[in-house]
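The file query-v8.txt contains compact mmCIF, C-alpha atoms:
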```
# COMPACT_ATOMS: atom_id res chain seq x y z
CA MET A 3 0.00 0.00 0.00
CA VAL A 4 1.29 3.50 -0.90
CA ALA A 5 2.33 5.43 2.20
CA MET A 6 0.35 8.56 3.04
CA ASN A 7 1.91 11.71 4.45
CA VAL A 8 1.07 15.39 4.65
CA PHE A 9 2.99 16.25 1.47
CA ARG A 10 1.07 13.75 -0.64
CA LEU A 11 -2.22 14.94 0.86
CA LEU A 12 -1.31 18.55 0.09
CA GLY A 13 -0.36 17.54 -3.46
CA ASP A 14 -3.64 15.73 -4.01
CA THR A 15 -5.53 18.67 -2.52
CA ALA A 16 -3.81 21.11 -4.87
CA HIS A 17 -4.63 18.83 -7.82
CA LEU A 18 -8.29 18.59 -6.82
CA LEU A 19 -8.47 22.35 -6.35
CA SER A 20 -7.07 22.81 -9.86
CA PHE A 21 -10.04 20.86 -11.23
CA ILE A 22 -12.45 22.92 -9.13
CA VAL A 23 -10.93 26.18 -10.38
CA MET A 24 -11.11 24.95 -13.98
CA PHE A 25 -14.77 23.94 -13.69
CA TRP A 26 -15.50 27.25 -11.94
CA LYS A 27 -13.99 29.12 -14.89
CA LEU A 28 -15.85 27.02 -17.44
CA PHE A 29 -19.26 27.42 -15.87
CA THR A 30 -19.06 31.03 -14.69
CA SER A 31 -17.38 32.63 -17.68
CA LYS A 32 -18.93 30.25 -20.26
CA SER A 33 -15.60 30.56 -22.04
CA VAL A 34 -12.48 28.49 -22.65
CA SER A 35 -10.46 31.48 -23.75
CA GLY A 36 -6.82 31.06 -22.75
CA ILE A 37 -7.17 27.33 -22.03
CA SER A 38 -5.17 24.86 -24.10
CA LEU A 39 -7.33 22.00 -25.33
CA LYS A 40 -4.13 20.20 -26.29
CA THR A 41 -2.86 20.21 -22.72
CA GLN A 42 -6.24 19.00 -21.45
CA PHE A 43 -6.27 16.19 -24.01
CA LEU A 44 -2.75 15.18 -22.97
CA TYR A 45 -3.99 14.89 -19.38
CA VAL A 46 -6.78 12.57 -20.56
CA ILE A 47 -4.12 10.35 -22.14
CA VAL A 48 -1.93 10.56 -19.02
CA PHE A 49 -4.59 9.49 -16.53
CA SER A 50 -6.22 6.94 -18.82
CA PHE A 51 -2.94 5.10 -19.36
CA ARG A 52 -1.72 5.46 -15.78
CA TYR A 53 -4.89 4.20 -14.17
CA LEU A 54 -5.65 1.25 -16.43
CA ASP A 55 -5.13 -0.87 -13.33
CA ILE A 56 -8.26 0.55 -11.72
CA PHE A 57 -10.05 -2.58 -12.97
CA TRP A 58 -7.78 -5.09 -11.22
CA ASN A 59 -5.44 -3.40 -8.74
CA PHE A 60 -7.19 -2.23 -5.55
CA LEU A 61 -4.99 -0.38 -3.06
CA SER A 62 -7.51 1.62 -1.05
CA ILE A 63 -10.84 3.41 -1.30
CA TYR A 64 -8.95 6.72 -1.34
CA ASN A 65 -6.73 5.61 -4.21
CA THR A 66 -9.64 4.33 -6.29
CA ILE A 67 -11.72 7.47 -5.75
CA MET A 68 -8.81 9.69 -6.76
CA LYS A 69 -8.23 7.68 -9.94
CA ILE A 70 -11.90 8.03 -10.90
CA ILE A 71 -11.90 11.77 -10.16
CA PHE A 72 -8.76 12.41 -12.23
CA ILE A 73 -10.02 10.48 -15.26
CA ALA A 74 -13.61 11.76 -15.10
CA SER A 75 -12.59 15.38 -14.53
CA SER A 76 -10.05 15.39 -17.36
CA VAL A 77 -12.52 13.83 -19.81
CA SER A 78 -15.25 16.24 -18.71
CA ILE A 79 -13.06 19.29 -19.31
CA VAL A 80 -12.20 18.12 -22.82
CA CYS A 81 -15.87 17.40 -23.58
CA VAL A 82 -16.94 20.86 -22.42
CA MET A 83 -14.22 22.51 -24.48
CA LYS A 84 -15.03 20.54 -27.63
CA PHE A 85 -18.81 20.23 -27.43
CA GLY A 86 -20.08 22.70 -24.82
CA THR A 87 -22.17 25.69 -25.88
CA PRO A 88 -21.06 28.46 -26.00
CA HIS A 89 -17.66 27.19 -24.76
CA LYS A 90 -16.55 25.59 -28.02
CA ASP A 91 -17.02 28.89 -29.87
CA THR A 92 -14.55 30.68 -27.57
CA TYR A 93 -11.67 28.24 -28.14
CA ASN A 94 -8.71 29.81 -29.95
CA ARG A 95 -7.26 27.08 -32.14
CA GLU A 96 -4.68 29.38 -33.70
CA ASP A 97 -3.02 30.18 -30.36
CA ASP A 98 -3.17 26.55 -29.21
CA ALA A 99 -0.62 25.53 -31.79
CA PHE A 100 2.00 23.50 -29.96
CA PRO A 101 2.78 20.27 -31.92
CA THR A 102 1.82 17.62 -29.36
CA ALA A 103 3.26 14.80 -31.48
CA TYR A 104 6.67 16.08 -30.35
CA LEU A 105 5.61 15.22 -26.80
CA ILE A 106 3.57 12.05 -27.28
CA VAL A 107 5.94 10.13 -29.56
CA PRO A 108 9.13 10.56 -27.46
CA ALA A 109 7.17 9.78 -24.26
CA LEU A 110 5.80 6.63 -25.88
CA ILE A 111 9.24 5.49 -27.05
CA MET A 112 10.70 6.14 -23.59
CA GLY A 113 7.79 4.35 -21.94
CA VAL A 114 8.55 1.22 -23.94
CA ALA A 115 12.33 1.49 -23.61
CA ILE A 116 12.71 2.74 -20.02
CA ASN A 117 10.31 1.29 -17.48
CA GLN A 118 10.27 -0.87 -14.36
CA ASP A 119 9.30 -4.15 -16.03
CA HIS A 120 9.93 -4.71 -19.74
CA GLU A 121 7.69 -7.78 -19.73
CA SER A 122 4.63 -5.89 -18.52
CA PRO A 123 2.54 -3.84 -21.01
CA PHE A 124 0.94 -2.03 -18.07
CA GLU A 125 4.33 -0.92 -16.76
CA MET A 126 5.10 0.47 -20.23
CA CYS A 127 1.78 2.36 -20.18
CA TRP A 128 2.51 3.61 -16.67
CA ALA A 129 6.00 4.85 -17.62
CA PHE A 130 4.59 6.48 -20.78
CA SER A 131 2.08 8.39 -18.64
CA ILE A 132 4.80 9.58 -16.27
CA TYR A 133 6.97 10.89 -19.10
CA LEU A 134 4.01 12.52 -20.85
CA GLU A 135 2.72 14.23 -17.71
CA ALA A 136 6.13 15.82 -17.22
CA VAL A 137 5.66 17.86 -20.40
CA ALA A 138 1.86 17.99 -20.77
CA ILE A 139 1.73 21.60 -19.53
CA LEU A 140 3.92 22.84 -22.41
CA PRO A 141 1.04 23.56 -24.85
CA GLN A 142 -0.66 25.62 -22.13
CA LEU A 143 2.52 27.58 -21.35
CA PHE A 144 3.14 28.05 -25.08
CA MET A 145 -0.39 29.43 -25.45
CA LEU A 146 0.16 31.88 -22.58
CA GLN A 147 3.34 33.12 -24.22
CA LYS A 148 1.58 33.56 -27.53
CA GLN A 149 -1.34 35.46 -25.99
CA GLY A 150 0.84 37.54 -23.68
CA GLY A 151 -0.74 36.34 -20.44
CA ALA A 152 -3.81 34.80 -18.88
CA GLU A 153 -6.85 35.83 -16.88
CA SER A 154 -6.76 35.37 -13.13
CA LEU A 155 -8.62 32.02 -12.89
CA THR A 156 -6.43 30.46 -15.56
CA GLY A 157 -3.39 31.63 -13.62
CA HIS A 158 -4.75 30.10 -10.41
CA TYR A 159 -5.34 26.83 -12.26
CA ILE A 160 -1.78 26.62 -13.57
CA LEU A 161 -0.36 27.60 -10.18
CA LEU A 162 -2.28 24.77 -8.47
CA LEU A 163 -0.98 22.26 -11.03
CA GLY A 164 2.55 23.39 -10.28
CA LEU A 165 1.99 23.19 -6.53
CA TYR A 166 0.59 19.68 -6.94
CA ARG A 167 3.85 18.52 -8.46
CA LEU A 168 5.98 20.52 -6.01
CA PHE A 169 4.25 18.88 -3.03
CA TYR A 170 4.74 15.48 -4.63
CA ILE A 171 8.47 16.12 -4.85
CA LEU A 172 8.45 16.83 -1.12
CA ASN A 173 6.46 13.61 -0.69
CA TRP A 174 9.15 11.63 -2.52
CA ILE A 175 11.90 13.23 -0.43
CA TYR A 176 10.02 12.36 2.75
CA ARG A 177 9.45 8.78 1.63
CA TYR A 178 13.09 8.38 0.63
CA ALA A 179 14.11 9.55 4.12
CA THR A 180 11.62 7.35 5.99
CA GLU A 181 11.06 4.22 3.87
CA PRO A 182 13.78 1.59 3.43
CA HIS A 183 14.57 0.74 -0.22
CA TYR A 184 12.26 3.44 -1.64
CA MET A 185 13.59 4.26 -5.11
CA GLN A 186 11.65 5.54 -8.16
CA LEU A 187 14.09 7.23 -10.52
CA ILE A 188 11.60 7.48 -13.39
CA VAL A 189 9.13 9.36 -11.21
CA TRP A 190 11.79 11.55 -9.59
CA VAL A 191 13.46 12.72 -12.79
CA SER A 192 10.16 13.29 -14.60
CA GLY A 193 8.74 15.15 -11.62
CA ALA A 194 11.80 17.38 -11.37
CA ILE A 195 11.54 18.26 -15.08
CA GLN A 196 7.83 18.95 -14.73
CA THR A 197 8.37 21.27 -11.75
CA ALA A 198 11.19 23.08 -13.53
CA LEU A 199 8.81 23.96 -16.37
CA TYR A 200 6.63 25.84 -13.90
CA LEU A 201 9.38 27.93 -12.29
CA ASP A 202 9.19 30.88 -14.68
CA PHE A 203 5.39 30.89 -14.38
CA PHE A 204 5.63 30.83 -10.57
CA TYR A 205 7.81 33.93 -10.69
CA THR A 206 5.51 35.75 -13.13
CA TYR A 207 2.42 34.79 -11.14
CA MET A 208 3.82 36.04 -7.83
CA LYS A 209 5.07 39.26 -9.42
CA SER A 210 1.68 39.97 -11.03
CA LYS A 211 -0.25 39.30 -7.81
CA ARG A 212 2.15 41.35 -5.70
CA GLU A 213 2.00 44.35 -8.00
CA ARG A 214 -1.65 44.30 -9.09
CA GLY A 215 -3.59 42.18 -6.58
CA ILE A 216 -4.86 38.61 -6.30
CA ASP A 217 -7.52 39.05 -8.99
CA ALA A 218 -5.17 40.62 -11.50
CA ALA A 219 -4.51 38.97 -14.83
CA ILE A 220 -1.10 37.40 -15.50
CA GLU A 221 1.02 39.35 -17.96
CA ILE A 222 3.74 37.58 -19.96
CA ASP A 223 5.91 38.95 -22.74
CA ALA A 224 4.26 37.71 -25.93
CA VAL A 225 6.26 35.83 -28.54
```

Exercise: express the given structure as structure tokens:
Amino acid sequence: MVAMNVFRLLGDTAHLLSFIVMFWKLFTSKSVSGISLKTQFLYVIVFSFRYLDIFWNFLSIYNTIMKIIFIASSVSIVCVMKFGTPHKDTYNREDDAFPTAYLIVPALIMGVAINQDHESPFEMCWAFSIYLEAVAILPQLFMLQKQGGAESLTGHYILLLGLYRLFYILNWIYRYATEPHYMQLIVWVSGAIQTALYLDFFYTYMKSKRERGIDAAIEIDAV
């Protein structure tokens, strides 16, 4: 059974709050402006492949509920963005232009080549999902750069995703210090890369909020 500690709970809480903020934006603004559909679709792939074992591997009620929430929430966001009215009419396809094949294909190759059990298709799927999650935020960050910023709720959403991963890094450090033989290099390296991608956004977010207030939009130099 996976050990629980305050850092993992804080990470899961931040992740759940990111979904709440996203749904709040979708259903109050009736708009998906500034949201990358490509990033959201990558998250559907990530959680679908990672949690394939939901049908045969029971660890705990908490674990199962979280798996269901992550998959269902990610799919729901994509459905609203693609089919919701008037949401689908506010999606900016031109600004959401990051080539996701450059992320999916290398992650898939690495998932097959570098995993914890080369005889297990599920372990390959799991590793693929870890590698893909590490870079899934890139289309969203690319879109922010192209648009020159993001509205406040979108900024809160991205911040919570970054905090989720940051707390998980603290969780891994804690487990390494307290659990004998705990070693997950794939997760550690991917998580470190993922967190590093957020660092510039963290700085910009804090600067914007400090200078213009918590409800201020995030301003980024456009490319």

Legend entry - Distance query Tyr53 (chain A) at most 9 Å, only C-alpha atoms, self and fewer than 6 positions along chain excluded, as a list of chain:residue names: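 My reading of the contact set: A:Lys69, A:Ile70, A:Ile73, A:Trp128.
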
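Neighbours of Cys81 (chain A) closer than or equal to 12 Å, with only C-alpha atoms counted and sequence neighbours fewer than 2 positions away skipped, come out as A:Phe25, A:Leu28, A:Val34, A:Leu39, A:Gln42, A:Phe43, A:Val46, A:Ala74, A:Ser75, A:Ser76, A:Val77, A:Ser78, A:Ile79, A:Met83, A:Lys84, A:Phe85, A:Gly86, A:Thr87, A:His89, A:Lys90.
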
Legend entry - Among the residues A:Phe203, A:Phe124, A:Phe130, A:Phe169, the one that comes closest to Gly151 (chain A) [using only C-alpha atoms]: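 So, comparing all the options, the nearest one is A:Phe203.
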
Inset, instruction - Within 12 Å of Gln149 (chain A), counting only C-alpha atoms, which residues show up once you throw out same-chain ones fewer than 6 positions away? Write them as a list in words, please. - result: Ser35, Gly36, Ile37, Ser38, Asn94, Arg95, Glu96, Asp97, Asp98, Ala99, Gln142, Leu143, Ile220, Glu221, Ile222, Asp223, Ala224 and Val225 of chain A

Inset, instruction - Counting only C-alpha atoms, figure out which residue out of A:Thr92, A:Ser33, A:Asn7, A:Thr197 gets nearest to Leu163 (chain A). - result: A:Thr197

Inset, instruction - Identify which of the residues A:Gln186, A:Asn59, A:Thr180, A:Gln196 lies closest to Leu168 (chain A), counting only C-alpha atoms when measuring atom-to-atom distances. - result: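 Comparing A:Gln186, A:Asn59, A:Thr180, A:Gln196 against Leu168 (chain A), the winner is A:Gln196.
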
Legend entry - Exercise: region 100-109 of chain A partners within 9 Å, all atoms listed in the file, chain neighbours under 6 positions left out, as a VMD selection string: chain A and resid 40 to 41 44 129 to 134 137 to 138 140 to 142 144 to 145

Legend entry - A:Val82, A:Cys127, A:Ala136, A:Ile111 ranked by distance to Ser50 (chain A), top pick (using only C-alpha atoms):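 Counting only C-alpha atoms, the residue closest to Ser50 (chain A) is A:Cys127.
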
Would you mind putting N, CA and C atoms back on region 77-91 of chain A and writing the result as a PDB file, in the frame of the given file?
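Final output, saved to out37.pdb:
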```
ATOM      1  N   VAL A  77     -11.638  14.088 -18.664  1.00  0.00           N
ATOM      2  CA  VAL A  77     -12.520  13.830 -19.810  1.00  0.00           C
ATOM      3  C   VAL A  77     -13.619  14.880 -19.879  1.00  0.00           C
ATOM      4  N   SER A  78     -14.173  15.259 -18.743  1.00  0.00           N
ATOM      5  CA  SER A  78     -15.250  16.240 -18.710  1.00  0.00           C
ATOM      6  C   SER A  78     -14.792  17.600 -19.231  1.00  0.00           C
ATOM      7  N   ILE A  79     -13.595  18.010 -18.843  1.00  0.00           N
ATOM      8  CA  ILE A  79     -13.060  19.290 -19.310  1.00  0.00           C
ATOM      9  C   ILE A  79     -12.913  19.296 -20.825  1.00  0.00           C
ATOM     10  N   VAL A  80     -12.363  18.212 -21.369  1.00  0.00           N
ATOM     11  CA  VAL A  80     -12.200  18.120 -22.820  1.00  0.00           C
ATOM     12  C   VAL A  80     -13.564  18.139 -23.521  1.00  0.00           C
ATOM     13  N   CYS A  81     -14.532  17.432 -22.976  1.00  0.00           N
ATOM     14  CA  CYS A  81     -15.870  17.400 -23.580  1.00  0.00           C
ATOM     15  C   CYS A  81     -16.516  18.782 -23.582  1.00  0.00           C
ATOM     16  N   VAL A  82     -16.382  19.509 -22.479  1.00  0.00           N
ATOM     17  CA  VAL A  82     -16.940  20.860 -22.420  1.00  0.00           C
ATOM     18  C   VAL A  82     -16.264  21.760 -23.442  1.00  0.00           C
ATOM     19  N   MET A  83     -14.943  21.650 -23.558  1.00  0.00           N
ATOM     20  CA  MET A  83     -14.220  22.510 -24.480  1.00  0.00           C
ATOM     21  C   MET A  83     -14.548  22.205 -25.935  1.00  0.00           C
ATOM     22  N   LYS A  84     -14.771  20.930 -26.244  1.00  0.00           N
ATOM     23  CA  LYS A  84     -15.030  20.540 -27.630  1.00  0.00           C
ATOM     24  C   LYS A  84     -16.503  20.636 -28.025  1.00  0.00           C
ATOM     25  N   PHE A  85     -17.405  20.354 -27.075  1.00  0.00           N
ATOM     26  CA  PHE A  85     -18.810  20.230 -27.430  1.00  0.00           C
ATOM     27  C   PHE A  85     -19.738  21.175 -26.678  1.00  0.00           C
ATOM     28  N   GLY A  86     -19.226  21.819 -25.620  1.00  0.00           N
ATOM     29  CA  GLY A  86     -20.080  22.700 -24.820  1.00  0.00           C
ATOM     30  C   GLY A  86     -20.473  23.953 -25.580  1.00  0.00           C
ATOM     31  N   THR A  87     -21.667  24.451 -25.277  1.00  0.00           N
ATOM     32  CA  THR A  87     -22.170  25.690 -25.880  1.00  0.00           C
ATOM     33  C   THR A  87     -22.410  26.701 -24.764  1.00  0.00           C
ATOM     34  N   PRO A  88     -21.813  27.879 -24.869  1.00  0.00           N
ATOM     35  CA  PRO A  88     -21.060  28.460 -26.000  1.00  0.00           C
ATOM     36  C   PRO A  88     -19.545  28.239 -25.908  1.00  0.00           C
ATOM     37  N   HIS A  89     -19.093  27.350 -25.023  1.00  0.00           N
ATOM     38  CA  HIS A  89     -17.660  27.190 -24.760  1.00  0.00           C
ATOM     39  C   HIS A  89     -16.846  26.922 -26.028  1.00  0.00           C
ATOM     40  N   LYS A  90     -17.335  26.007 -26.855  1.00  0.00           N
ATOM     41  CA  LYS A  90     -16.550  25.590 -28.020  1.00  0.00           C
ATOM     42  C   LYS A  90     -16.286  26.742 -28.980  1.00  0.00           C
ATOM     43  N   ASP A  91     -17.172  27.755 -28.969  1.00  0.00           N
ATOM     44  CA  ASP A  91     -17.020  28.890 -29.870  1.00  0.00           C
ATOM     45  C   ASP A  91     -15.981  29.894 -29.377  1.00  0.00           C
TER      46      ASP A  91
END
```
